[in-house]
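First up is the structure itself, then whatever we jot down about it.
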Amino acid sequence: MKDLKHFIYFEDLLRDARNELVARAVEDGKRALGYNCYYIPEALLNLPGCFSSRLRAPGMRSTNIADYYMTTRNCPYVRAILERAMEGGYHYLDALFGAECCAAMERMEEHFFLLRPVKNDRFFVTIIDPPMKGDKTSLDYYKSQLKLKVVDELRDRFGIDVSEDAMREAVRLHNEISQVITEIGNYRKLPNPPITGYEFHVIELVSQVCPHALILPYLKDTLEELKSREPEPKFPFRARVVLAGSEIDDPEFTKLIEMCGAMVVADRYCFGSFPGREQIILQEGESAYDAICRHYLQWNQCARFMDGGKIDQRHEEVRRLAKEYGADGVIYENMKFCEFWSYEKVLASNIFTNEMGIPCCTIEKEYSLGSIEQLRTRFQAFVEALEIKKIPGGDKA
Amino acid sequence: MIMIDGLVQRIDKKLQRFDPLWQARRGIGGLRSRYYDKTGVAKYREWRGIRDTLYDYGQWMKNLGSMTAMVASAPIPCLKGFWEYRWMGSYLGTFMFIDRLFEGYRGYELRIAHHNMHAIVQSLTKKIALVLSNDKRLGGGPLSDQMIPYDEVLPPLFLTGFKDLIPIPLQTLPEFIICDIDQQLEPYYIDVAESFGLPADVCSRCAAETGVAIDDAFPIIGKAFITTNMPCNASEATSMFQRRRVGLPDMPVTLAMIHNEPGAHPYSTQMLKDTIAFIEKEYGVTYDWDELFKHAKEMNEQNAIELEKWEFMKTPYCALVGIAESLYRLYSWASVNGQDSYFTKTDRKVLKLITKAYKEKYEPFSGKTRHRAFLWGPSAVYYTDFPTWVENCWGINIVLNMDSTMGYNQINTTDSEEAIKDLALLSEKATMRHHAVGGWENVNAVWEWAKRFNCDMVIFNDNVSCKGMNGVHAMMEEQARDLGFHFVFLEHDLEDCRTVSRRDMRKRISDYMSIVLNEQPLDPTLVDFDDSEAY
Amino acid sequence: MKKVPTFLVKIIKTLLITALAGFAVTFTIYMTNAENKLIYYVIRPLLNKHYNSQVRDRRV
């Protein structure tokens, strides 16, 4: 396929947390608001006068300082973020909105106020206590936590307009960028898509790490370009898979899977577009703030949800994606040392394989892409297994 | 009386060469001399002097009586239970367990320890008989459907308002208590879970619970299952497996994780209300606040006594020490939680003994204590007698354990609206949660606690798979250095003795004591030994 | 002084002897750690053999 016009630029934007567009927004006087987890609604961090910056640590190799603080027996993502902070990679941030979504994440976020690695006088940290069920009691708690620790803080510390109108504007912007991303992503449903999983991963990531207003024109351009982009003459992959699980912010991981012959047609993981790019719908009589909170609790697919409804939802969601995007199987991954996804991976693979009849490959990964050969072997074997199933009578093999 | 005292003294003098403490003082033996290698089986029981030995024998008989009563009350279910459940077989290690815990104990500390231990034994044996008699897998019983299986980490006090229902902590019998008794059991269940793909780096306690669920080894009781998000991530995750295998309508009681903030309590309060409504619906019963108040009064008295005990613990003259304190508090708080008045009576008796010992300026362990330590972080349950070892070997008195500081607020016993708020507060500060979870201030509170209890040392339990506690490693070390505490990270793997063995744990302490502090052991036979095949 | 009936003396004697014998037996078991040796070396291996041969309904 012909290269996308902005694609190299997008790849460049992912090389540094403080990329060109982030720097421009900061220079324009916008407040840079860091966050790690879907539990912090991206829409709230894009109120007028500020922008969201989902934290990554691209190019991370050694996490020696973070290992000292958090041991090597802890989540590689949180260690990478802490290491990057200690290296000085997040000085542009005005705030970090954390979530006690897991113990490792919370401890890492605490180090942001204990060690003060962000050299910015305005910088502060708050950590919400996110609920673990989808019921009304949980929604009420979620709303009160977000109000106390995000909205009120933005208003009181930075004078950000948090009125109904401002919230509606944030929702509008969110929906606009989500619509573009969703339309781009929908091309993956086609039998021979004009976009690869890797390209989409890069596009989705830039939408999360760059100021929305600044990245949006490029994304719109890309969407237009895709409308007329010629796919390869023949579908170049041997299988189609949904990639599901915990945190993946390195598109090289998607590339690795695709190099093994499986196109990643749907991305249901932290930093993926499912969830993340659904439309926030304002119901009648509902404030924009309430709609945001309801939306993020409703769509959240985190493995920490404990109630039956939410547990079933996350398996149903993967089944839906597999069906809609024509996937032959699911690759379910968890970040090493992630308690939630370690468990969920076992549960989900059992449900997919034995109850839903969806072939499933489970793997564990580091933050920085390592042990490539082992992963490659696993993926190649899975692709072969999927191919065999397509042969008449192959499902009995 | 004087004559008897004289006689006892004469006999004690004649037989003192059999006393391991006497042997250790003279360098001709010690507490470990009487064991067969590796097995943890003693050739003979500890000679503690005539009075203490007879007292210990009497308590052995008493505990034997409780176990006989358990079997006599439900002979067929008990036999079936032994046949069906691997974990039941491990309860046979109870006597060895009790012996291990109270090695080297004499005088007041021995009496207090046995008061506490017998309370646990009598409660546990009754519970085992009750559960097995009504376990549907073994044929069921009249109370099967009146039981509420709930997650053991959820304090059950609020459930006592259901007068005709019996709250049963589902994991306690197959997992949480038994791993204290038999270090060999949980690795079996952990292996079962790992054989289904669970990584070996998750918390072993929750891996073991998952293994019990996969192995179909939970008793089948009740009409609905109450799970919880406490205390931590892995515990939440294992609930997802358990609810599938239990197969009953379930209600996750997800209390606030960051529980020190005012906003947390209304949420937790509402969560308890939701749970009560759920049980009312599933069991077709009505909540009785007067019944709750009755049990809350028990809990209130126990908590009030606990605070009185703490005052004594701040001095060198407290005869309630080490594991006798922490195991009892853990069980009476987390498992009993106001449901059994025997514990209130035990508390009263123990308080009297503590007071008497204090007035006599009695120093436990013959006054050989060199350091007063606060034990912080979740302890290795396969090495429950660690506090006993550390006292006997190095003279380190574990004054208080983190888990002993669980919720001690009083519950309102007249106003239901206030009571439920108090219950939420109590429940938020449950096992392994009060200080290990919910924010830096909670874990960092250790220094204040250690200071209050006049400790010069903090032993920080370092569960190698606990992500939350791993996340504060360097900060704690730096704090200890700044504040001038002796500080040891004690690595362990909570329920998997294969990863970090008891011996490895001992080595960690012994290295610190001999290399860093340049101290000599009180009993050299305890410094290094192999108990890898022991219960 | 009244004489204690013979049957009562007998009963007391029997009780005393039984108690003494009971004490002697149980105290011997206690001191020699006999019950734990029996459990560890005999009962536990037998039970483990049984548990290891069980077929359990293992599933998620």
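Identifiers for the structure tokens are assigned positionally: chains receive A, B, ... in sequence, residues are indexed from 1 per chain, and ligands are indexed from 1 in the order shown.
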
Using DSSP assignments from the backbone, pull out every residue in segment 25-89 of chain B that falls under helix (DSSP H, G or I) and give it to me as a PyMOL selection string.
chain B and resi 25-26+50-73+75-84+86-89

Notebook entry, point to check: Once you count only C-alpha atoms, which residues of chain C turn out to be within 10 Å of chain B? Could you give them as a PyMOL selection string?
Noted result: chain C and resi 26-37+39-41+43-44+47-48+50-52+54-60

### Task
With a cut-off of 8 Å and counting only C-alpha atoms, select all residues of chain A in contact with chain B and give the selection as a PyMOL selection string.
chain A and resi 68-71+73-75+100+102-104+106-108+110+129+131-133+137-138+141+144-145+303-304+306-308+337-340+342-344+346-347

So how far away is atom CA of Leu154 of chain B from atom CA of Asp496 of chain B, in Å?
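Rounded to one decimal, the two atoms are 23.1 Å apart.
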
Shortest contact to Ile459 of chain B, candidates B:Gly367, B:Pro75, B:Pro524, B:Pro378, atoms counted only C-alpha atoms, goes to B:Pro378

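Residues in contact range of Val390 of chain B, defined as at most 10 Å between only C-alpha atoms, with sequence neighbours fewer than 2 positions away removed, read Gly322, Asp385, Phe386, Pro387, Thr388, Asn392, Cys393, Trp394, Gly395, Ile396, Asn397, Ile398, Arg506, Ile509, Ser510, Pro521, Leu522, Leu526 and Val527 of chain B.
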
Residue selection dump (N, CA and C atoms) as a tab-separated table (two decimals), in the first residue's frame:
chain	number	residue	atom	x	y	z
B	322	GLY	N	4.00	-11.73	71.06
B	322	GLY	CA	4.24	-12.48	69.83
B	322	GLY	C	3.00	-13.06	69.19
B	385	ASP	N	4.87	-19.40	63.31
B	385	ASP	CA	5.65	-19.35	64.56
B	385	ASP	C	6.93	-18.51	64.40
B	386	PHE	N	6.99	-17.72	63.37
B	386	PHE	CA	8.15	-16.85	63.20
B	386	PHE	C	8.38	-15.95	64.42
B	387	PRO	N	7.34	-15.29	64.95
B	387	PRO	CA	7.58	-14.43	66.13
B	387	PRO	C	8.16	-15.21	67.31
B	388	THR	N	7.78	-16.48	67.43
B	388	THR	CA	8.31	-17.30	68.52
B	388	THR	C	9.80	-17.58	68.28
B	392	ASN	N	12.99	-16.44	70.62
B	392	ASN	CA	13.84	-17.46	71.23
B	392	ASN	C	15.27	-17.42	70.70
B	393	CYS	N	15.41	-17.12	69.44
B	393	CYS	CA	16.75	-17.15	68.85
B	393	CYS	C	17.52	-15.85	69.08
B	394	TRP	N	16.84	-14.72	68.87
B	394	TRP	CA	17.56	-13.45	68.89
B	394	TRP	C	17.06	-12.46	69.93
B	395	GLY	N	16.07	-12.84	70.71
B	395	GLY	CA	15.57	-11.92	71.74
B	395	GLY	C	14.82	-10.73	71.18
B	396	ILE	N	14.15	-10.95	70.03
B	396	ILE	CA	13.35	-9.86	69.43
B	396	ILE	C	11.89	-10.11	69.78
B	397	ASN	N	11.34	-9.23	70.54
B	397	ASN	CA	9.94	-9.38	70.93
B	397	ASN	C	9.04	-8.68	69.90
B	398	ILE	N	8.23	-9.47	69.21
B	398	ILE	CA	7.27	-8.86	68.29
B	398	ILE	C	6.14	-8.30	69.16
B	506	ARG	N	14.54	-17.29	58.14
B	506	ARG	CA	15.38	-17.24	59.36
B	506	ARG	C	16.77	-16.68	59.02
B	509	ILE	N	16.94	-12.90	58.88
B	509	ILE	CA	17.00	-12.24	60.19
B	509	ILE	C	18.37	-12.50	60.84
B	510	SER	N	18.80	-13.74	60.77
B	510	SER	CA	20.07	-14.09	61.42
B	510	SER	C	21.22	-13.31	60.82
B	521	PRO	N	23.36	-15.17	69.04
B	521	PRO	CA	22.03	-15.75	69.29
B	521	PRO	C	21.87	-16.19	70.74
B	522	LEU	N	20.64	-16.13	71.22
B	522	LEU	CA	20.35	-16.62	72.58
B	522	LEU	C	20.39	-18.15	72.60
B	526	LEU	N	18.96	-22.72	67.23
B	526	LEU	CA	17.86	-22.20	66.42
B	526	LEU	C	18.32	-21.41	65.20
B	527	VAL	N	19.60	-21.14	65.13
B	527	VAL	CA	20.07	-20.24	64.07
B	527	VAL	C	19.82	-20.83	62.68

Quick one: distance from atom CA of Pro231 of chain B to atom CA of Met432 of chain B in Å, one decimal?
->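 Between atom CA of Pro231 of chain B and atom CA of Met432 of chain B the gap is 6.0 Å.
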